[in-house]
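Participant: File model-v8.cif below, mmCIF, C-alpha atoms and all ligand atoms:
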data_coords
#
loop_
_atom_site.label_atom_id
_atom_site.label_comp_id
_atom_site.auth_asym_id
_atom_site.auth_seq_id
_atom_site.Cartn_x
_atom_site.Cartn_y
_atom_site.Cartn_z
CA MET D 252 220.38 103.78 97.19
CA GLN D 253 218.04 106.60 98.10
CA GLU D 254 217.82 107.14 101.86
CA LYS D 255 214.40 106.45 103.45
CA ARG D 256 212.74 109.75 104.40
CA GLY D 257 210.93 108.44 107.43
CA ILE D 258 207.41 109.47 106.46
CA ILE D 259 204.91 108.15 109.02
CA LEU D 260 201.17 107.72 108.51
CA SER D 261 198.38 106.26 110.61
CA GLY D 262 194.68 106.84 111.19
CA ILE D 263 191.90 106.08 113.65
CA ARG D 264 188.18 105.73 112.90
CA PRO D 265 185.85 108.21 114.69
CA THR D 266 183.59 105.37 115.84
CA GLY D 267 183.67 106.12 119.57
CA ARG D 268 186.00 107.35 122.28
CA LEU D 269 189.70 106.50 122.27
CA HIS D 270 190.50 103.52 124.48
CA TYR D 271 193.56 101.88 125.99
CA GLY D 272 193.99 99.57 122.97
CA ASN D 273 194.15 102.61 120.69
CA TYR D 274 196.58 104.32 123.04
CA PHE D 275 199.06 101.50 123.59
CA GLY D 276 198.55 99.94 120.13
CA ALA D 277 198.88 103.19 118.19
CA ILE D 278 198.92 106.64 119.85
CA ALA D 279 201.92 106.03 122.16
CA LYS D 280 203.93 105.20 119.04
CA PHE D 281 202.51 108.23 117.18
CA ILE D 282 203.83 110.50 119.94
CA GLU D 283 207.24 108.82 120.06
CA LEU D 284 207.69 109.23 116.29
CA GLN D 285 206.50 112.84 116.43
CA GLU D 286 209.04 113.62 119.14
CA GLN D 287 211.82 111.95 117.12
CA GLY D 288 211.18 114.57 114.46
CA HIS D 289 209.78 112.34 111.69
CA CYS D 290 207.38 113.76 109.14
CA CYS D 291 204.13 112.44 110.63
CA TYR D 292 200.69 112.33 109.04
CA TYR D 293 197.95 111.35 111.49
CA PHE D 294 194.38 111.37 110.24
CA ILE D 295 190.85 110.70 111.41
CA ALA D 296 189.48 107.97 109.18
CA ASP D 297 185.99 109.34 108.66
CA TYR D 298 185.37 107.55 105.33
CA HIS D 299 186.23 104.23 107.01
CA ALA D 300 183.81 105.00 109.87
CA LEU D 301 180.85 105.05 107.46
CA THR D 302 180.75 101.23 107.49
CA THR D 303 179.85 101.47 111.20
CA ILE D 304 178.28 104.85 112.00
CA THR D 305 174.76 105.68 110.78
CA ASP D 306 173.97 108.94 112.62
CA ARG D 307 175.30 112.16 111.08
CA GLN D 308 175.44 114.10 114.37
CA ASP D 309 177.36 111.29 116.15
CA TYR D 310 179.75 111.17 113.27
CA LEU D 311 180.56 114.90 113.33
CA ARG D 312 180.76 115.12 117.13
CA GLN D 313 182.97 112.05 117.43
CA THR D 314 185.33 113.31 114.74
CA ILE D 315 185.91 116.59 116.60
CA ASP D 316 186.14 114.89 120.01
CA MET D 317 188.67 112.40 118.71
CA LEU D 318 190.83 115.22 117.39
CA ARG D 319 190.60 116.95 120.79
CA THR D 320 191.65 113.67 122.42
CA TYR D 321 194.60 113.37 120.01
CA VAL D 322 195.79 116.79 121.20
CA ALA D 323 195.07 115.92 124.85
CA CYS D 324 197.28 112.82 124.51
CA GLY D 325 200.22 114.88 123.24
CA LEU D 326 199.84 114.95 119.48
CA ASP D 327 200.74 118.45 118.41
CA PRO D 328 199.16 119.88 115.24
CA ALA D 329 202.18 122.18 114.87
CA LYS D 330 204.59 119.19 114.74
CA SER D 331 202.44 116.51 113.09
CA VAL D 332 200.12 116.96 110.13
CA ILE D 333 196.76 116.05 111.65
CA TYR D 334 193.89 115.96 109.18
CA ARG D 335 190.54 114.43 108.31
CA GLN D 336 190.51 111.74 105.63
CA SER D 337 187.53 113.27 103.78
CA ASP D 338 189.40 116.59 103.45
CA LEU D 339 191.72 114.74 101.06
CA PRO D 340 189.23 113.45 98.45
CA CYS D 341 191.96 112.39 96.00
CA THR D 342 192.44 109.40 98.37
CA ALA D 343 189.13 108.10 96.95
CA GLU D 344 190.52 108.42 93.42
CA LEU D 345 193.64 106.45 94.30
CA SER D 346 191.47 103.85 96.06
CA LEU D 347 189.47 103.42 92.83
CA LEU D 348 192.68 102.90 90.83
CA LEU D 349 194.06 100.38 93.33
CA GLY D 350 190.72 98.53 93.40
CA MET D 351 191.17 97.75 89.70
CA ILE D 352 194.16 95.53 90.42
CA THR D 353 193.06 94.02 93.75
CA ASN D 354 191.95 90.43 93.83
CA ILE D 355 188.55 89.83 95.51
CA GLY D 356 189.78 86.54 97.02
CA HIS D 357 192.56 88.47 98.73
CA LEU D 358 190.02 90.89 100.25
CA GLU D 359 187.75 88.07 101.41
CA ARG D 360 190.65 86.84 103.54
CA GLY D 361 190.86 90.23 105.33
CA THR D 362 190.58 89.83 109.13
CA THR D 363 188.00 92.58 109.68
CA TYR D 364 185.83 91.22 106.89
CA LYS D 365 186.11 87.61 108.07
CA ASP D 366 185.44 88.66 111.65
CA LYS D 367 182.23 90.49 110.67
CA MET D 368 181.20 87.62 108.37
CA GLY D 369 181.61 85.25 111.33
CA LYS D 370 179.09 87.30 113.35
CA ILE D 371 176.33 87.05 110.72
CA PRO D 372 173.70 84.43 111.66
CA ALA D 373 173.83 81.35 109.45
CA THR D 374 170.27 82.06 108.28
CA LYS D 375 170.93 85.20 106.25
CA GLY D 376 168.06 87.32 104.92
CA PRO D 377 166.77 87.19 101.35
CA GLU D 378 169.52 89.60 100.17
CA GLY D 379 172.30 87.20 101.19
CA ASN D 380 175.52 88.75 102.55
CA PRO D 381 174.46 91.98 104.35
CA LEU D 382 177.99 93.41 104.63
CA SER D 383 178.92 96.43 102.55
CA TYR D 384 181.16 96.72 99.52
CA GLY D 385 183.04 99.37 101.57
CA LEU D 386 183.84 96.88 104.32
CA LEU D 387 185.17 94.33 101.83
CA GLY D 388 187.20 97.10 100.20
CA TYR D 389 188.47 98.54 103.54
CA PRO D 390 192.06 97.35 102.88
CA VAL D 391 192.06 99.04 99.43
CA LEU D 392 191.03 102.40 100.89
CA MET D 393 193.57 101.89 103.67
CA ALA D 394 196.24 101.18 101.03
CA ALA D 395 195.27 104.46 99.33
CA ASP D 396 195.56 106.34 102.67
CA ILE D 397 199.09 104.99 103.09
CA LEU D 398 200.32 105.24 99.52
CA ILE D 399 198.95 108.69 98.79
CA VAL D 400 201.38 110.37 101.22
CA ARG D 401 204.26 108.00 100.23
CA ALA D 402 204.48 106.67 103.79
CA ASP D 403 207.48 104.59 104.83
CA LYS D 404 206.13 103.42 108.19
CA VAL D 405 202.61 102.75 109.41
CA PRO D 406 202.41 102.40 113.19
CA VAL D 407 199.29 100.33 113.93
CA GLY D 408 198.17 97.75 116.47
CA ASP D 409 198.43 94.04 115.80
CA ASP D 410 194.83 93.83 114.52
CA GLN D 411 195.73 96.08 111.57
CA ARG D 412 199.01 94.39 110.63
CA GLN D 413 197.41 92.24 107.92
CA HIS D 414 195.86 95.32 106.30
CA VAL D 415 199.27 97.02 106.09
CA GLU D 416 200.68 93.85 104.53
CA MET D 417 197.87 93.97 101.95
CA ALA D 418 198.81 97.61 101.18
CA ILE D 419 202.39 96.48 100.56
CA ASP D 420 201.19 93.73 98.18
CA ILE D 421 198.89 96.13 96.33
CA ALA D 422 201.69 98.72 95.93
CA GLN D 423 204.12 96.09 94.64
CA LYS D 424 201.57 94.78 92.15
CA PHE D 425 200.76 98.30 90.94
CA ASN D 426 204.46 99.14 90.46
CA TYR D 427 205.05 95.84 88.64
CA ARG D 428 202.30 96.68 86.14
CA PHE D 429 202.75 100.41 85.71
CA GLY D 430 206.33 101.25 86.74
CA GLU D 431 207.80 102.44 90.04
CA VAL D 432 205.06 104.96 90.83
CA LEU D 433 204.22 104.10 94.45
CA ASN D 434 206.46 104.09 97.53
CA VAL D 435 206.24 100.65 99.18
CA PRO D 436 206.01 101.00 103.01
CA GLU D 437 207.79 98.84 105.59
CA ALA D 438 205.98 95.95 107.27
CA VAL D 439 204.65 96.40 110.83
CA SER D 440 206.86 95.03 113.60
CA ARG D 441 205.96 91.55 114.84
CA ASN D 442 205.60 92.61 118.47
CA ALA D 443 202.77 95.10 117.92
CA LEU D 444 200.28 94.99 120.78
CA ARG D 445 196.72 93.66 120.77
CA LEU D 446 194.89 94.57 123.99
CA PRO D 447 191.98 92.26 124.87
CA GLY D 448 188.53 93.65 125.69
CA LEU D 449 187.19 94.09 129.24
CA ASP D 450 184.71 91.33 128.35
CA GLY D 451 187.58 88.89 127.86
CA SER D 452 187.29 88.92 124.04
CA ALA D 453 190.45 88.92 121.95
CA LYS D 454 190.37 92.65 121.14
CA MET D 455 189.23 95.83 122.84
CA GLY D 456 187.40 97.79 120.13
CA LYS D 457 185.42 101.04 119.94
CA SER D 458 182.55 99.31 118.17
CA ASP D 459 182.47 96.36 120.60
CA ASN D 460 181.27 97.96 123.86
CA ASN D 461 184.17 96.43 125.82
CA THR D 462 186.54 99.37 126.21
CA LEU D 463 188.31 101.27 128.95
CA ASP D 464 188.52 104.83 127.65
CA LEU D 465 191.09 107.59 128.06
CA LEU D 466 188.31 110.05 128.98
CA ASP D 467 186.62 107.81 131.57
CA ASP D 468 186.27 109.53 134.97
CA PRO D 469 187.37 107.70 138.16
CA LYS D 470 183.86 106.45 138.98
CA THR D 471 183.41 104.95 135.50
CA VAL D 472 186.91 103.45 135.59
CA LEU D 473 186.21 101.69 138.89
CA GLN D 474 182.80 100.51 137.71
CA LYS D 475 184.19 99.09 134.45
CA ILE D 476 187.15 97.38 136.11
CA LYS D 477 184.99 95.94 138.90
CA GLY D 478 182.68 94.60 136.21
CA VAL D 479 185.43 92.47 134.63
CA GLN D 480 184.48 88.83 135.11
CA THR D 481 186.84 87.18 137.58
CA THR D 482 184.81 84.21 138.75
CA THR D 483 186.95 81.78 136.74
CA ASP D 484 189.63 79.95 138.74
CA PRO D 485 193.21 81.08 138.01
CA LEU D 486 194.90 78.74 135.50
CA PRO D 487 198.34 77.34 136.46
CA LEU D 488 201.04 79.54 134.90
CA ASP D 489 203.69 76.83 134.31
CA THR D 490 206.41 79.42 133.66
CA ASP D 491 208.82 81.33 135.90
CA SER D 492 208.90 84.26 133.49
CA ASP D 493 207.48 87.65 134.55
CA ASP D 494 207.40 88.85 130.94
CA PRO D 495 203.79 89.91 130.15
CA GLU D 496 204.14 88.47 126.62
CA VAL D 497 204.87 85.01 128.10
CA VAL D 498 202.81 84.90 131.24
CA ILE D 499 199.60 86.80 130.38
CA PRO D 500 198.49 84.48 127.54
CA LYS D 501 198.47 81.66 130.13
CA MET D 502 195.84 83.42 132.27
CA PRO D 503 192.06 83.32 131.73
CA PRO D 504 191.41 86.19 129.22
CA SER D 505 189.53 88.47 131.64
CA LEU D 506 192.33 88.30 134.22
CA GLY D 507 194.82 88.68 131.39
CA VAL D 508 193.46 92.10 130.44
CA LEU D 509 193.78 93.32 134.08
CA TYR D 510 197.39 92.13 134.30
CA ARG D 511 198.21 93.55 130.89
CA LEU D 512 196.89 96.97 131.90
CA LEU D 513 198.76 96.78 135.19
CA SER D 514 201.99 95.98 133.34
CA LEU D 515 201.46 99.02 131.09
CA LEU D 516 200.50 101.51 133.80
CA ALA D 517 201.87 100.55 137.21
CA PRO D 518 205.49 100.42 138.41
CA ILE D 519 207.07 97.02 137.66
CA GLU D 520 207.16 96.08 141.41
CA VAL D 521 203.38 96.44 141.65
CA TYR D 522 202.85 94.19 138.62
CA GLN D 523 205.34 91.64 140.00
CA ASP D 524 203.71 91.72 143.43
CA PHE D 525 200.31 90.83 141.93
CA LEU D 526 201.91 88.14 139.78
CA GLY D 527 203.34 86.62 142.98
CA LYS D 528 199.87 86.64 144.58
CA TYR D 529 198.49 84.89 141.49
CA ARG D 530 201.21 82.22 141.65
CA ARG D 531 200.67 81.61 145.36
CA GLY D 532 196.90 81.29 144.82
CA GLU D 533 196.12 84.11 147.29
CA LYS D 534 192.83 86.00 147.22
CA PHE D 535 193.64 89.17 145.34
CA TYR D 536 190.94 90.04 142.77
CA GLY D 537 189.41 92.92 144.76
CA MET D 538 192.76 94.54 145.52
CA LEU D 539 193.99 94.02 141.96
CA LYS D 540 190.93 95.83 140.63
CA THR D 541 191.12 98.81 143.00
CA THR D 542 194.88 99.19 142.46
CA LEU D 543 194.50 99.04 138.70
CA ALA D 544 191.59 101.51 138.78
CA GLU D 545 193.78 103.99 140.69
CA HIS D 546 196.56 103.74 138.09
CA VAL D 547 194.09 104.11 135.22
CA SER D 548 192.48 107.21 136.76
CA LYS D 549 195.91 108.72 137.42
CA PHE D 550 196.79 108.18 133.75
CA ASN D 551 193.46 109.61 132.55
CA ALA D 552 193.45 112.75 134.75
CA PRO D 553 195.85 114.95 132.71
CA ILE D 554 194.31 113.76 129.43
CA ILE D 555 190.82 114.74 130.64
CA GLU D 556 192.18 118.10 131.80
CA ARG D 557 193.85 118.85 128.45
CA PHE D 558 190.76 117.62 126.57
CA ASN D 559 188.73 120.33 128.33
CA ALA D 560 191.41 123.05 128.20
CA PRO D 561 190.32 126.39 126.65
CA GLY D 562 192.85 126.15 123.77
CA ASN D 563 191.47 122.76 122.72
CA ASP D 564 187.88 123.64 121.79
CA ASP D 565 185.93 122.84 118.61
CA GLN D 566 187.02 126.05 116.91
CA SER D 567 190.74 125.42 117.47
CA VAL D 568 190.29 121.94 115.96
CA ARG D 569 188.62 123.43 112.87
CA ASP D 570 191.48 125.94 112.57
CA PHE D 571 194.29 123.39 112.69
CA LEU D 572 192.41 121.06 110.33
CA ARG D 573 192.26 123.84 107.75
CA ALA D 574 195.97 124.63 108.15
CA ASN D 575 197.07 120.99 108.06
CA VAL D 576 195.05 119.82 105.09
CA ALA D 577 196.83 122.52 103.08
CA LYS D 578 200.13 120.83 104.01
CA VAL D 579 199.10 117.31 102.96
CA THR D 580 197.13 118.14 99.78
CA PRO D 581 200.14 118.92 97.53
CA VAL D 582 201.84 115.62 98.52
CA ALA D 583 198.67 113.68 97.76
CA LEU D 584 197.98 115.40 94.43
CA ASP D 585 201.54 114.72 93.38
CA THR D 586 200.98 110.98 93.95
CA VAL D 587 197.70 110.73 92.00
CA GLU D 588 199.10 112.79 89.14
CA SER D 589 202.29 110.75 88.77
P1 LIG P 1 186.46 99.96 115.64
O1 LIG P 1 185.92 98.93 116.62
O2 LIG P 1 185.45 100.98 115.26
O3 LIG P 1 187.14 99.33 114.46
P2 LIG P 1 188.97 100.23 116.99
O4 LIG P 1 188.93 100.34 118.47
O5 LIG P 1 189.31 98.91 116.39
O6 LIG P 1 187.59 100.77 116.45
P3 LIG P 1 190.44 101.63 114.95
O7 LIG P 1 190.06 103.03 114.64
O8 LIG P 1 189.93 100.55 114.04
O9 LIG P 1 189.99 101.32 116.46
O10 LIG P 1 192.01 101.49 115.06
C1 LIG P 1 192.84 102.60 115.43
C2 LIG P 1 194.21 102.09 115.82
O11 LIG P 1 194.14 101.48 117.12
C3 LIG P 1 194.78 101.02 114.88
O12 LIG P 1 196.18 101.26 114.75
C4 LIG P 1 194.54 99.73 115.60
O13 LIG P 1 195.49 98.74 115.27
C5 LIG P 1 194.70 100.17 117.06
N1 LIG P 1 193.90 99.32 117.94
C6 LIG P 1 192.56 99.23 117.98
N2 LIG P 1 192.18 98.36 118.93
C7 LIG P 1 193.33 97.87 119.49
C8 LIG P 1 193.60 96.93 120.53
N3 LIG P 1 192.63 96.33 121.18
N4 LIG P 1 194.90 96.67 120.83
C9 LIG P 1 195.91 97.30 120.17
N5 LIG P 1 195.72 98.19 119.18
C10 LIG P 1 194.44 98.48 118.84
MG MG P 2 189.13 98.62 114.23
#
Kindly transcribe the structure held in the file into structure tokens.
Ligand code: ATP
Ligand code: MG
Facilitator:
Amino acid sequence: MQEKRGIILSGIRPTGRLHYGNYFGAIAKFIELQEQGHCCYYFIADYHALTTITDRQDYLRQTIDMLRTYVACGLDPAKSVIYRQSDLPCTAELSLLLGMITNIGHLERGTTYKDKMGKIPATKGPEGNPLSYGLLGYPVLMAADILIVRADKVPVGDDQRQHVEMAIDIAQKFNYRFGEVLNVPEAVSRNALRLPGLDGSAKMGKSDNNTLDLLDDPKTVLQKIKGVQTTTDPLPLDTDSDDPEVVIPKMPPSLGVLYRLLSLLAPIEVYQDFLGKYRRGEKFYGMLKTTLAEHVSKFNAPIIERFNAPGNDDQSVRDFLRANVAKVTPVALDTVES
């Protein structure tokens, strides 16, 4: 059997600033895989962002700023191939081909699509469903992003797991019809993270105005964390476990996000100490918030510094984009031509 080459691919939409969900759901893994010496392709999903962004200037600025944040977090354009999705237009050609064999019913069960459908008022306008064809077809374009570079692994957060599974199904169906043309990637691990929003909703998301961002300064961090709703009474935990996976889902969601962040950022003793306070029913919300804010600001400080560093300006981003798209283009053309 041919040995797996360990090609990694993942992307992020330039729809706002990178947040803690993006970092712990995706970027931390990107860095780990880069440092393990895999062949990594990390892109900015600017085609995908067009279902959300309407202003051209925002779109261009956010794309560049996101790339500068990638670098500030530790992604290295000399080790990983970092590129912009629209610089690889043959992805759109592959997406068209894959769309021909993709079942509409399958797409209508997509989580992002269903989620957005659920937010449309029951009394729709005269045109009916206002969502775009692009949003329904998001998983097909995402399948093309993955399959075009022959990726083996796709590190994404839990919210994107279903889309990767759809890409696997599409690739298998395509190969069944037309021969073994596409490389079928591995499924995403079951313990991928989904960080809740600061508003207590199930997911922190750039487009949802509920994020704690990697570039937030200390004042903003404190303001956002203090603003998390903690008026609800603590729920009984009915478990002795300290494991965040077990204990945090038993908390009210807004407290859950604070504890989850503390477990990711603070030393284990600090997290355990606050868990003890919770169990004993002590008054601790104020101290929990200021302690967490300190850890968040400490984590953000070097990222903010590297974001603003002289070697990480707009021009250096344009330069590495040009160099890196030249590395990915031959791989992609080879896939669409085969
Ligand atoms: P948008 O709201 O515009 O969709 P987003 O915050 O969901 O933005 P994406 O660009 O869609 O971010 O996703 C980038 C990566 O970050 C994906 O791998 C996704 O799984 C991961 N991710 C996004 N939000 C979270 C979250 N709350 N928890 C864990 N991972 C997340
Ligand atoms: Mg998203």
Participant: In Å, with one decimal, what is the gap from CA of Gly379 in chain D to CA of Met351 in chain D?
Facilitator: 24.5 Å
Participant: List all protein, DNA and RNA residues that have at least one atom no more than 8 Å from any atom of ligand MG 2 (chain P), counting all atoms listed in the file, and write them as a short mmCIF file (atom, residue, chain, number, x, y, z; two decimals) with C-alpha atoms, in the frame of the given file.
Facilitator:
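Dumped to result_14.cif:
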data_model
loop_
_atom_site.label_atom_id
_atom_site.label_comp_id
_atom_site.auth_asym_id
_atom_site.auth_seq_id
_atom_site.Cartn_x
_atom_site.Cartn_y
_atom_site.Cartn_z
CA ILE D 263 191.90 106.08 113.65
CA ARG D 264 188.18 105.73 112.90
CA THR D 363 188.00 92.58 109.68
CA ASP D 410 194.83 93.83 114.52
CA GLN D 411 195.73 96.08 111.57
CA GLY D 456 187.40 97.79 120.13
CA LYS D 457 185.42 101.04 119.94
CA SER D 458 182.55 99.31 118.17
#
Participant: Just want the 10 Å neighbourhood of range 413-416 of chain D, counted on only C-alpha atoms, with same-chain residues fewer than 2 positions away dropped. Output as a list of chain:residue names.
Facilitator: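 Once the adjacent positions are removed, what remains is D:Leu358, D:Arg360, D:Gly361, D:Thr362, D:Thr363, D:Tyr389, D:Pro390, D:Val391, D:Met393, D:Ala394, D:Ile397, D:Lys404, D:Val405, D:Pro406, D:Val407, D:Asp409, D:Asp410, D:Gln411, D:Ala418, D:Ile419, D:Asp420, D:Ile421, D:Ala422, D:Pro436, D:Glu437, D:Ala438, D:Val439.
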Participant: Taking into account only C-alpha atoms, which residue in the set D:Tyr271, D:Tyr334, D:Tyr298, D:Tyr384 is nearest to Phe550 in chain D?
Facilitator: D:Tyr271
Participant: Please report, as JSON, the centre and edge lengths in Å to one decimal of an axis-aligned box covering all listed atoms of ligand LIG 1 (chain P) with 4 Å per side.
Facilitator:
{"center_x": 190.8, "center_y": 99.7, "center_z": 117.6, "size_x": 18.7, "size_y": 14.7, "size_z": 15.1}
